[in-house]
There are 2 protein chains.
Amino acid sequence: MIKLSKLTDYAVVILAAMAGQEGGLASASSLSAATSLPEPTVSKTLKLLVRGGVITSTRGVNGGYALHCAPDKILVSTIITAMEGPISLTSCVEGSDDSCAMEGTCQLHGRWDVVNMAIKTALDNVTLADMLSRSCVKIPSFMEENVRL
Amino acid sequence: MIKLSKLTDYAVVILAAMAGQEGGLASASSLSAATSLPEPTVSKTLKLLVRGGVITSTRGVNGGYALHCAPDKILVSTIITAMEGPISLTSCVEGSDDSCAMEGTCQLHGRWDVVNMAIKTALDNVTLADMLSRSCVKIPSFMEENVRL
DNA sequence: TAAAATGGTACCAAAAACGTACGGTATATA
DNA sequence: TATATACCGTACGTTTTTGGTACCATTTTA
């Protein structure tokens, strides 16, 4: 089904809430209230986003989270990578620890990188802002020209 | 991890074997021998590829499988769709049976379609032939021009 | 009629995802 | 300095998905 995890979906919902509120830090609990998502889940999601560099965190009283940069500067690929790890479609390419089981016979070892790069490029060209724009009138950046890919 | 299932990986390996052998039909058992993959797995994979229209099948004695068209006409998106179902990243958009749990609060219901389309477009521009070309000199079709996506 | 080959379905074990909980650490304020 | 707030890291049990296999039905040729 080539689908993303629910956590990634939540991430965008949460980021949308953060982008919506003007200024200041947002705590995990306030974002939980804003999104109607359970607090532990929100917290878990935020931690991953911090680790991925999508948002920043401030500890202590009055602490919270904030977008690391403007929504139109946050790439969807960055969000997905933060939530799901590196974007690579097959186990052949992801890690070097266990080499492909059919090393000898597999005639296209690593050729998935062609596809991986295509997807990576596609995701690099969609920003959080593209996803947030409610009016369907706006044309996402990747459709502005008559590009083939 | 946004990764494909192993079956999809096997599919490409099998398709490579089919593209490699000149003419005639290939049976599941012969493809099993050619790829060193267990026969039941090969069989299962082939069934899905037939259903997806990637290959054709002939029943009965001397039957077997054949590519539906030339490798450079077979899109990676077609292969992936055959093996994993429709390409849509989140459950929000895939089926209409269970509507999004946070219908009211989710402010970007369906906005993943922007990303889905980007990925679909990317996969539509890579063919099986692109993946099979062993010489790294060949430039995949989607890289021929200076496209942004 | 028998053999070869695909078609469809069902099942079990393994792996991954989901949701949650718990203890730790940093920081502002009283 | 004490305390409350809020992030940080890890771990655990349940549920879902995937992976691999088996079984029987159907089709076609010799």
# chains A, B, ... in the order shown; residues from 1 in each chain; ligands from 1
call {"tool": "closest_atom_pairs", "arguments": {"of": "chain A", "to": "chain C", "cutoff": "6 Å", "atoms": "only C-alpha atoms (C1' of nucleotides)", "output": "CSV"}}
result
residue,atom,partner,partner_atom,distance
A:Arg59,CA,C:DA26,C1',5.8
A:Gly60,CA,C:DT27,C1',3.9
A:Val61,CA,C:DA28,C1',5.3
call {"tool": "interface_residues", "arguments": {"of": "chain B", "to": "chain D", "cutoff": "9 Å", "atoms": "only C-alpha atoms (C1' of nucleotides)", "output": "ChimeraX atom specification"}}
result
/B:5-7,40-41,59-63
call {"tool": "write_last_selection", "arguments": {"atoms": "N, CA and C atoms", "output": "CSV table (one decimal), in the first residue's frame"}}
result
chain,number,residue,atom,x,y,z
B,5,SER,N,7.1,-3.6,0.2
B,5,SER,CA,7.1,-4.9,0.7
B,5,SER,C,8.2,-5.8,-0.1
B,6,LYS,N,8.6,-6.9,0.6
B,6,LYS,CA,9.5,-7.7,-0.1
B,6,LYS,C,9.0,-8.3,-1.4
B,7,LEU,N,7.7,-8.5,-1.4
B,7,LEU,CA,7.0,-9.1,-2.6
B,7,LEU,C,7.3,-8.1,-3.8
B,40,PRO,N,6.7,-21.1,-4.3
B,40,PRO,CA,5.4,-20.5,-3.9
B,40,PRO,C,5.4,-19.0,-3.9
B,41,THR,N,6.5,-18.5,-3.5
B,41,THR,CA,6.6,-17.0,-3.4
B,41,THR,C,6.6,-16.4,-4.8
B,59,ARG,N,-2.8,-20.5,-19.4
B,59,ARG,CA,-3.0,-21.7,-18.5
B,59,ARG,C,-2.8,-22.9,-19.4
B,60,GLY,N,-2.7,-24.0,-18.6
B,60,GLY,CA,-2.6,-25.3,-19.3
B,60,GLY,C,-1.1,-25.7,-19.5
B,61,VAL,N,-1.0,-26.9,-20.1
B,61,VAL,CA,0.4,-27.4,-20.4
B,61,VAL,C,1.1,-26.4,-21.3
B,62,ASN,N,2.3,-26.3,-21.1
B,62,ASN,CA,3.1,-25.3,-21.9
B,62,ASN,C,2.7,-23.9,-21.7
B,63,GLY,N,1.9,-23.7,-20.7
B,63,GLY,CA,1.5,-22.3,-20.3
B,63,GLY,C,2.6,-21.6,-19.6
call {"tool": "residues_around", "arguments": {"residues": "Val114 in chain B", "least_positions_apart": "5", "cutoff": "9 Å", "atoms": "only C-alpha atoms (C1' of nucleotides)", "output": "ChimeraX atom specification"}}
result
/A:126,130-131,140 /B:119
call {"tool": "closest_residue", "arguments": {"among": "A:Glu84, A:Asp124, A:Asp72, A:Glu39", "to": "chain B", "atoms": "only C-alpha atoms"}}
result
A:Glu84
call {"tool": "select_by_dssp", "arguments": {"residues": "range 8-93 of chain A", "states": "alpha helix (DSSP H)", "output": "PyMOL selection string"}}
result
chain A and resi 8-20+28-35+39-51+76-84+91-93
call {"tool": "closest_residue", "arguments": {"among": "A:Leu15, A:Ser27, A:Met83, A:Arg111", "to": "Ile55 in chain A", "atoms": "only C-alpha atoms"}}
result
A:Leu15
